[in-house]
>>> print(open('model_2.pdb').read())   # PDB, C-alpha atoms
ATOM      1  CA  MET A 163      79.859  58.247 180.440
ATOM      2  CA  GLY A 164      79.499  56.576 183.823
ATOM      3  CA  ALA A 165      77.068  54.138 185.421
ATOM      4  CA  GLU A 166      75.599  56.685 187.847
ATOM      5  CA  ARG A 167      74.786  59.138 185.062
ATOM      6  CA  ALA A 168      73.324  56.325 182.974
ATOM      7  CA  ALA A 169      71.120  55.268 185.893
ATOM      8  CA  ALA A 170      69.871  58.816 186.473
ATOM      9  CA  LEU A 171      69.095  59.446 182.808
ATOM     10  CA  THR A 172      67.481  56.033 182.371
ATOM     11  CA  THR A 173      65.233  56.713 185.355
ATOM     12  CA  GLN A 174      64.144  60.009 183.787
ATOM     13  CA  LEU A 175      63.428  58.313 180.463
ATOM     14  CA  ILE A 176      61.442  55.526 182.136
ATOM     15  CA  ASN A 177      59.316  58.046 184.019
ATOM     16  CA  TRP A 178      58.766  60.042 180.839
ATOM     17  CA  LEU A 179      58.096  57.301 178.271
ATOM     18  CA  ARG A 180      56.742  54.445 180.442
ATOM     19  CA  PRO A 181      58.346  51.819 178.190
ATOM     20  CA  GLU A 182      57.926  48.070 178.264
ATOM     21  CA  ALA A 183      61.580  47.491 177.362
ATOM     22  CA  VAL A 184      64.821  49.442 177.723
ATOM     23  CA  PHE A 185      67.957  48.849 175.650
ATOM     24  CA  PHE A 186      71.396  50.312 176.199
ATOM     25  CA  VAL A 187      73.192  50.115 172.864
ATOM     26  CA  GLY A 188      76.707  51.242 172.077
ATOM     27  CA  VAL A 189      80.339  50.159 171.851
ATOM     28  CA  ALA A 190      82.689  48.330 174.201
ATOM     29  CA  GLY A 191      86.152  46.838 174.458
ATOM     30  CA  SER A 192      86.728  43.112 174.136
ATOM     31  CA  LEU A 193      87.934  41.032 177.076
ATOM     32  CA  LYS A 194      88.176  37.733 175.179
ATOM     33  CA  ASP A 195      90.510  36.596 172.416
ATOM     34  CA  ASP A 196      87.601  35.162 170.425
ATOM     35  CA  VAL A 197      85.456  38.324 170.770
ATOM     36  CA  GLU A 198      86.774  40.349 167.879
ATOM     37  CA  THR A 199      86.419  43.929 166.694
ATOM     38  CA  GLY A 200      83.097  44.250 164.869
ATOM     39  CA  ASP A 201      81.438  41.473 166.886
ATOM     40  CA  VAL A 202      78.413  42.126 169.098
ATOM     41  CA  VAL A 203      78.048  41.115 172.744
ATOM     42  CA  VAL A 204      74.568  40.715 174.215
ATOM     43  CA  GLY A 205      74.831  41.027 177.984
ATOM     44  CA  THR A 206      73.424  37.978 179.753
ATOM     45  CA  GLN A 207      74.313  39.873 182.926
ATOM     46  CA  VAL A 208      76.277  42.979 183.807
ATOM     47  CA  TYR A 209      78.922  43.215 186.529
ATOM     48  CA  GLU A 210      79.760  46.283 188.602
ATOM     49  CA  ILE A 211      83.487  45.732 188.885
ATOM     50  CA  HIS A 212      84.374  48.294 191.550
ATOM     51  CA  GLY A 213      82.440  46.881 194.494
ATOM     52  CA  GLY A 214      84.479  45.530 197.378
ATOM     53  CA  LYS A 215      86.309  46.169 200.638
ATOM     54  CA  GLN A 216      89.918  47.188 201.125
ATOM     55  CA  THR A 217      91.500  45.326 204.046
ATOM     56  CA  PRO A 218      95.045  44.941 205.396
ATOM     57  CA  GLU A 219      95.096  41.565 203.652
ATOM     58  CA  GLY A 220      94.170  43.134 200.317
ATOM     59  CA  PHE A 221      91.100  44.072 198.312
ATOM     60  CA  LEU A 222      88.123  41.756 198.881
ATOM     61  CA  VAL A 223      85.765  41.703 195.916
ATOM     62  CA  ARG A 224      82.053  41.980 196.613
ATOM     63  CA  PRO A 225      80.539  41.186 193.224
ATOM     64  CA  LYS A 226      77.343  42.856 192.117
ATOM     65  CA  ALA A 227      75.598  41.569 189.022
ATOM     66  CA  LEU A 228      72.286  42.246 187.342
ATOM     67  CA  PRO A 229      70.852  39.886 184.707
ATOM     68  CA  GLY A 230      69.548  41.072 181.401
ATOM     69  CA  SER A 231      65.908  40.352 180.603
ATOM     70  CA  LEU A 232      65.371  36.686 179.757
ATOM     71  CA  ALA A 233      62.589  37.571 177.306
ATOM     72  CA  LEU A 234      64.824  40.033 175.453
ATOM     73  CA  GLU A 235      67.759  37.623 175.517
ATOM     74  CA  GLN A 236      65.575  34.906 173.986
ATOM     75  CA  ALA A 237      64.388  37.352 171.339
ATOM     76  CA  ALA A 238      68.026  38.221 170.591
ATOM     77  CA  ARG A 239      69.019  34.562 170.276
ATOM     78  CA  SER A 240      66.208  34.057 167.794
ATOM     79  CA  ALA A 241      66.984  37.263 165.884
ATOM     80  CA  VAL A 242      70.695  36.665 165.338
ATOM     81  CA  ARG A 243      70.061  33.273 163.746
ATOM     82  CA  ASP A 244      68.903  35.275 160.725
ATOM     83  CA  MET A 245      72.012  37.521 160.792
ATOM     84  CA  PRO A 246      74.923  35.341 159.612
ATOM     85  CA  ASP A 247      77.035  38.413 158.820
ATOM     86  CA  VAL A 248      77.062  39.540 162.470
ATOM     87  CA  ARG A 249      79.094  37.508 164.958
ATOM     88  CA  THR A 250      77.134  37.695 168.194
ATOM     89  CA  HIS A 251      78.182  36.467 171.636
ATOM     90  CA  PHE A 252      75.928  36.010 174.655
ATOM     91  CA  LEU A 253      78.204  36.785 177.584
ATOM     92  CA  PRO A 254      78.394  38.847 180.767
ATOM     93  CA  ILE A 255      79.561  42.442 180.383
ATOM     94  CA  ALA A 256      81.756  44.317 182.874
ATOM     95  CA  THR A 257      80.891  47.912 183.769
ATOM     96  CA  GLY A 258      83.529  50.189 185.290
ATOM     97  CA  ASP A 259      84.152  53.914 185.511
ATOM     98  CA  VAL A 260      87.375  53.545 183.580
ATOM     99  CA  VAL A 261      88.446  53.510 179.931
ATOM    100  CA  LEU A 262      90.547  50.356 179.642
ATOM    101  CA  ALA A 263      93.358  50.847 177.118
ATOM    102  CA  ASP A 264      96.027  48.589 178.634
ATOM    103  CA  ALA A 265      95.463  44.838 178.666
ATOM    104  CA  LYS A 266      98.451  44.401 181.005
ATOM    105  CA  SER A 267      97.290  46.917 183.630
ATOM    106  CA  GLU A 268      96.328  46.086 187.197
ATOM    107  CA  ILE A 269      92.639  46.739 186.483
ATOM    108  CA  ALA A 270      92.810  44.337 183.518
ATOM    109  CA  ARG A 271      94.362  41.647 185.734
ATOM    110  CA  PHE A 272      91.736  42.387 188.398
ATOM    111  CA  ILE A 273      88.931  41.776 185.898
ATOM    112  CA  ARG A 274      90.512  38.548 184.651
ATOM    113  CA  ARG A 275      90.872  37.280 188.234
ATOM    114  CA  ASN A 276      87.381  38.129 189.416
ATOM    115  CA  TYR A 277      85.126  38.472 186.342
ATOM    116  CA  ASN A 278      86.845  36.101 183.965
ATOM    117  CA  ASP A 279      83.683  35.143 182.048
ATOM    118  CA  ALA A 280      82.991  38.745 180.971
ATOM    119  CA  GLY A 281      83.244  39.237 177.226
ATOM    120  CA  ALA A 282      83.350  43.039 177.096
ATOM    121  CA  ILE A 283      83.971  46.112 179.216
ATOM    122  CA  GLU A 284      82.084  49.407 179.069
ATOM    123  CA  MET A 285      81.017  52.255 181.351
ATOM    124  CA  GLU A 286      77.219  52.499 181.567
ATOM    125  CA  GLY A 287      75.397  49.169 181.366
ATOM    126  CA  SER A 288      75.039  48.418 185.058
ATOM    127  CA  GLY A 289      73.447  51.815 185.666
ATOM    128  CA  THR A 290      70.813  51.223 183.008
ATOM    129  CA  LEU A 291      69.962  47.742 184.292
ATOM    130  CA  LEU A 292      69.810  48.999 187.864
ATOM    131  CA  ALA A 293      67.346  51.743 186.925
ATOM    132  CA  ALA A 294      65.155  49.198 185.127
ATOM    133  CA  HIS A 295      65.437  46.768 188.063
ATOM    134  CA  LEU A 296      64.414  49.369 190.641
ATOM    135  CA  ASN A 297      61.483  50.395 188.475
ATOM    136  CA  GLY A 298      59.916  46.957 188.834
ATOM    137  CA  GLN A 299      58.919  44.574 186.063
ATOM    138  CA  LEU A 300      60.685  46.225 183.151
ATOM    139  CA  ASN A 301      62.640  44.311 180.511
ATOM    140  CA  ALA A 302      66.150  45.646 179.912
ATOM    141  CA  LEU A 303      69.145  44.508 177.892
ATOM    142  CA  VAL A 304      72.648  45.787 177.125
ATOM    143  CA  ILE A 305      73.891  45.271 173.564
ATOM    144  CA  ARG A 306      77.444  46.313 172.684
ATOM    145  CA  GLY A 307      79.434  46.334 169.483
ATOM    146  CA  ILE A 308      83.135  45.637 169.938
ATOM    147  CA  SER A 309      85.213  48.608 168.810
ATOM    148  CA  ASP A 310      88.603  47.656 170.264
ATOM    149  CA  ARG A 311      90.432  45.037 172.288
ATOM    150  CA  ALA A 312      90.793  47.211 175.421
ATOM    151  CA  ASP A 313      94.540  47.398 174.915
ATOM    152  CA  ALA A 314      97.219  49.895 173.932
ATOM    153  CA  LYS A 315      96.035  49.832 170.304
ATOM    154  CA  LYS A 316      92.621  51.231 171.202
ATOM    155  CA  HIS A 317      93.395  54.699 169.810
ATOM    156  CA  LYS A 318      94.453  53.202 166.481
ATOM    157  CA  ALA A 319      91.253  51.166 166.235
ATOM    158  CA  ASP A 320      89.172  54.227 167.066
ATOM    159  CA  ALA A 321      90.992  56.304 164.445
ATOM    160  CA  ALA A 322      90.327  53.627 161.828
ATOM    161  CA  GLY A 323      86.555  53.950 162.297
ATOM    162  CA  SER A 324      86.008  50.891 164.465
ATOM    163  CA  GLN A 325      83.563  52.671 166.790
ATOM    164  CA  LYS A 326      81.211  53.558 163.924
ATOM    165  CA  ARG A 327      81.223  50.010 162.591
ATOM    166  CA  ALA A 328      80.729  48.521 166.057
ATOM    167  CA  ALA A 329      77.827  50.893 166.769
ATOM    168  CA  GLU A 330      76.184  49.981 163.467
ATOM    169  CA  GLN A 331      76.477  46.267 164.248
ATOM    170  CA  ALA A 332      75.000  46.725 167.719
ATOM    171  CA  ALA A 333      72.167  48.828 166.309
ATOM    172  CA  ALA A 334      71.397  46.199 163.652
ATOM    173  CA  VAL A 335      71.098  43.489 166.324
ATOM    174  CA  THR A 336      68.876  45.735 168.455
ATOM    175  CA  VAL A 337      66.493  46.428 165.561
ATOM    176  CA  ALA A 338      66.308  42.697 164.855
ATOM    177  CA  VAL A 339      65.464  42.051 168.519
ATOM    178  CA  LEU A 340      62.687  44.658 168.366
ATOM    179  CA  HIS A 341      61.168  42.835 165.396
ATOM    180  CA  LYS A 342      61.054  39.685 167.527
ATOM    181  CA  HIS A 343      59.942  41.188 170.831
ATOM    182  CA  ARG A 344      56.548  42.816 170.346
ATOM    183  CA  PRO A 345      54.641  44.803 172.987
ATOM    184  CA  ARG A 346      52.287  42.788 175.169
ATOM    185  CA  GLU A 347      49.437  45.195 174.486
ATOM    186  CA  GLY A 348      48.684  46.340 170.934
ATOM    187  CA  SER A 349      46.273  48.814 169.447
ATOM    188  CA  SER A 350      43.360  47.117 167.698
ATOM    189  CA  ASP A 351      43.555  49.855 165.025
ATOM    190  CA  SER A 352      46.997  48.787 163.854
ATOM    191  CA  GLU A 353      47.625  45.937 161.431
ATOM    192  CA  GLU A 354      50.932  45.345 163.184
ATOM    193  CA  SER A 355      49.361  44.913 166.611
ATOM    194  CA  PRO A 356      49.267  41.433 168.145
ATOM    195  CA  HIS A 357      45.950  39.609 168.567
ATOM    196  CA  ARG A 358      45.021  38.673 172.107
ATOM    197  CA  HIS A 359      42.691  35.957 173.305
ATOM    198  CA  GLY A 360      39.678  37.255 175.147
ATOM    199  CA  ASP A 361      40.885  35.580 178.349
ATOM    200  CA  GLY A 362      44.211  37.453 178.219
ATOM    201  CA  GLY A 363      46.121  34.177 177.959
ATOM    202  CA  ALA A 364      48.155  34.365 174.747
ATOM    203  CA  THR A 365      49.182  37.136 172.394
ATOM    204  CA  TYR A 366      49.744  36.341 168.743
ATOM    205  CA  GLY A 367      52.142  38.744 167.042
ATOM    206  CA  GLY A 368      54.028  38.131 163.815
ATOM    207  CA  ASP A 369      56.249  35.062 164.161
ATOM    208  CA  HIS A 370      55.795  34.300 167.845
ATOM    209  CA  ILE A 371      53.307  33.744 170.632
ATOM    210  CA  ASP A 372      53.553  35.582 173.930
ATOM    211  CA  PHE A 373      51.847  33.210 176.378
ATOM    212  CA  ARG A 374      51.236  34.432 179.935
ATOM    213  CA  GLY A 375      54.377  36.532 180.000
ATOM    214  CA  GLY A 376      56.613  33.906 178.394
ATOM    215  CA  THR A 377      57.667  33.822 174.750
ATOM    216  CA  PHE A 378      57.879  30.790 172.467
ATOM    217  CA  TYR A 379      59.461  31.214 169.023
ATOM    218  CA  GLY A 380      58.368  28.902 166.238
ATOM    219  CA  PRO A 381      55.654  28.203 163.688
ATOM    220  CA  VAL A 382      52.049  28.868 164.667
ATOM    221  CA  THR A 383      49.118  26.943 163.182
ATOM    222  CA  GLY A 384      45.575  28.216 163.479
ATOM    223  CA  LYS A 385      43.803  31.540 163.815
ATOM    224  CA  SER A 386      43.240  34.033 166.569
ATOM    225  CA  ASP A 387      39.491  34.561 166.455
ATOM    226  CA  GLY A 388      38.845  35.582 170.049
ATOM    227  CA  ARG A 389      37.868  32.069 171.146
ATOM    228  CA  ARG A 390      39.767  29.719 173.407
TER
END
>>> encode(input="model_2.pdb", output="structure tokens")
Amino acid sequence: MGAERAAALTTQLINWLRPEAVFFVGVAGSLKDDVETGDVVVGTQVYEIHGGKQTPEGFLVRPKALPGSLALEQAARSAVRDMPDVRTHFLPIATGDVVLADAKSEIARFIRRNYNDAGAIEMEGSGTLLAAHLNGQLNALVIRGISDRADAKKHKADAAGSQKRAAEQAAAVTVAVLHKHRPREGSSDSEESPHRHGDGGATYGGDHIDFRGGTFYGPVTGKSDGRR
């Protein structure tokens, strides 16, 4: 647990695997009445909630936020349309080095005052996105299943198996996103690899076209035969 540890481990994994995309998948607590246990939140951006300056007049918030990858977010929006059994929300996610189990606490009020559009709270997402951001052009996305409502009933929800169900829901959404978001470069020996124009302009892969770094989802008519 913890954003700093997540950043350090993500950096090691990036250096080792040289991925095109990084996902942080797990469970989180809900910060919204309409984000229920068992739902999934895809992080449009992630807030570091502890940044600020303490002054004699009080604590002055200095927000830090990192956006999730637009390409991965678009892939997620397309993927969840085919998953009617999974309620998915596209919202900011708050990251803090604290387990929130009291919706009436000062930290809960602090989040509502300063990060009131956040749909979930967790402990690692900002570290993962920061590591991907510092690495350069690397797609990254945080996907969280809701295991509790970040209140005094958290321990009861955990004991009832809510974390397992939430993790399964988040994993299902992530796998669906991976089916939508294909690597830019594919091996010509694989039937699953995308077909690329000779000029490097567009990549045809499954149900979408990756055109000059942007992705359009929809029907494709025609063949990829190496010609313009």
>>> residues_around(input="model_2.pdb", residues="Pro181 in chain A", least_positions_apart="5", cutoff="12 Å", atoms="only C-alpha atoms", output="list in words")
Thr172, Thr173, Gln174, Leu175, Ile176, Ala294, Asn297, Gly298, Gln299, Leu300, Asn301, Ala302, Pro345, Arg346 and Glu347 of chain A
>>> write_last_selection(input="model_2.pdb", atoms="C-alpha atoms", output="PDB file, in the frame of the given file")
ATOM      1  CA  THR A 172      67.481  56.033 182.371  1.00  0.00           C
ATOM      2  CA  THR A 173      65.233  56.713 185.355  1.00  0.00           C
ATOM      3  CA  GLN A 174      64.144  60.009 183.787  1.00  0.00           C
ATOM      4  CA  LEU A 175      63.428  58.313 180.463  1.00  0.00           C
ATOM      5  CA  ILE A 176      61.442  55.526 182.136  1.00  0.00           C
ATOM      6  CA  ALA A 294      65.155  49.198 185.127  1.00  0.00           C
ATOM      7  CA  ASN A 297      61.483  50.395 188.475  1.00  0.00           C
ATOM      8  CA  GLY A 298      59.916  46.957 188.834  1.00  0.00           C
ATOM      9  CA  GLN A 299      58.919  44.574 186.063  1.00  0.00           C
ATOM     10  CA  LEU A 300      60.685  46.225 183.151  1.00  0.00           C
ATOM     11  CA  ASN A 301      62.640  44.311 180.511  1.00  0.00           C
ATOM     12  CA  ALA A 302      66.150  45.646 179.912  1.00  0.00           C
ATOM     13  CA  PRO A 345      54.641  44.803 172.987  1.00  0.00           C
ATOM     14  CA  ARG A 346      52.287  42.788 175.169  1.00  0.00           C
ATOM     15  CA  GLU A 347      49.437  45.195 174.486  1.00  0.00           C
TER      16      GLU A 347
END
>>> residues_around(input="model_2.pdb", residues="Gly289 in chain A", least_positions_apart="4", cutoff="9 Å", atoms="all atoms listed in the file", output="PDB file with C-alpha atoms, keeping the file's coordinate frame")
ATOM      1  CA  GLY A 164      79.499  56.576 183.823  1.00  0.00           C
ATOM      2  CA  ALA A 165      77.068  54.138 185.421  1.00  0.00           C
ATOM      3  CA  GLU A 166      75.599  56.685 187.847  1.00  0.00           C
ATOM      4  CA  ARG A 167      74.786  59.138 185.062  1.00  0.00           C
ATOM      5  CA  ALA A 168      73.324  56.325 182.974  1.00  0.00           C
ATOM      6  CA  ALA A 169      71.120  55.268 185.893  1.00  0.00           C
ATOM      7  CA  ALA A 170      69.871  58.816 186.473  1.00  0.00           C
ATOM      8  CA  THR A 172      67.481  56.033 182.371  1.00  0.00           C
ATOM      9  CA  GLU A 210      79.760  46.283 188.602  1.00  0.00           C
ATOM     10  CA  THR A 257      80.891  47.912 183.769  1.00  0.00           C
ATOM     11  CA  MET A 285      81.017  52.255 181.351  1.00  0.00           C
ATOM     12  CA  ALA A 293      67.346  51.743 186.925  1.00  0.00           C
ATOM     13  CA  ALA A 294      65.155  49.198 185.127  1.00  0.00           C
TER      14      ALA A 294
END
>>> resolve_selection(input="model_2.pdb", expression="the PyMOL selection byres ((chain A and resi 248) around 12)", output="list in words")
Val197, Glu198, Thr199, Gly200, Asp201, Val202, Val203, Ala241, Val242, Arg243, Asp244, Met245, Pro246, Asp247, Arg249, Thr250, His251, Gly307, Ile308, Arg327, Ala328, Glu330, Gln331, Ala332, Ala333, Ala334, Val335, Thr336 and Ala338 of chain A
>>> closest_residue(input="model_2.pdb", among="A:Trp178, A:Phe186, A:Tyr277, A:Phe221", to="Pro254 in chain A", atoms="all atoms listed in the file")
A:Tyr277
>>> resolve_selection(input="model_2.pdb", expression="the PyMOL selection byres ((chain A and resi 260) around 12)", output="ChimeraX atom specification")
/A:163-165,190-191,210-212,256-259,261-264,267,269-270,283-286,312
>>> atom_distance(input="model_2.pdb", atom1="CA of Ala227 in chain A", atom2="CA of Val337 in chain A")
25.6 Å
>>> atom_distance(input="model_2.pdb", atom1="CA of Ala238 in chain A", atom2="CA of Lys326 in chain A")
21.3 Å
>>> resolve_selection(input="model_2.pdb", expression="the PyMOL selection byres ((chain A and resi 253) around 7)", output="count of residues only")
10
>>> closest_residue(input="model_2.pdb", among="A:Val208, A:Glu182, A:Gly220, A:Leu193", to="Thr290 in chain A", atoms="all atoms listed in the file")
A:Val208
>>> closest_residue(input="model_2.pdb", among="A:Val223, A:Ala233, A:Val189, A:Ala319", to="Val339 in chain A", atoms="only C-alpha atoms")
A:Ala233
>>> atom_distance(input="model_2.pdb", atom1="CA of His343 in chain A", atom2="CA of Ala237 in chain A")
5.9 Å
>>> closest_residue(input="model_2.pdb", among="A:Leu340, A:Lys318, A:Val184, A:Ala265", to="Gly230 in chain A", atoms="all atoms listed in the file")
A:Val184
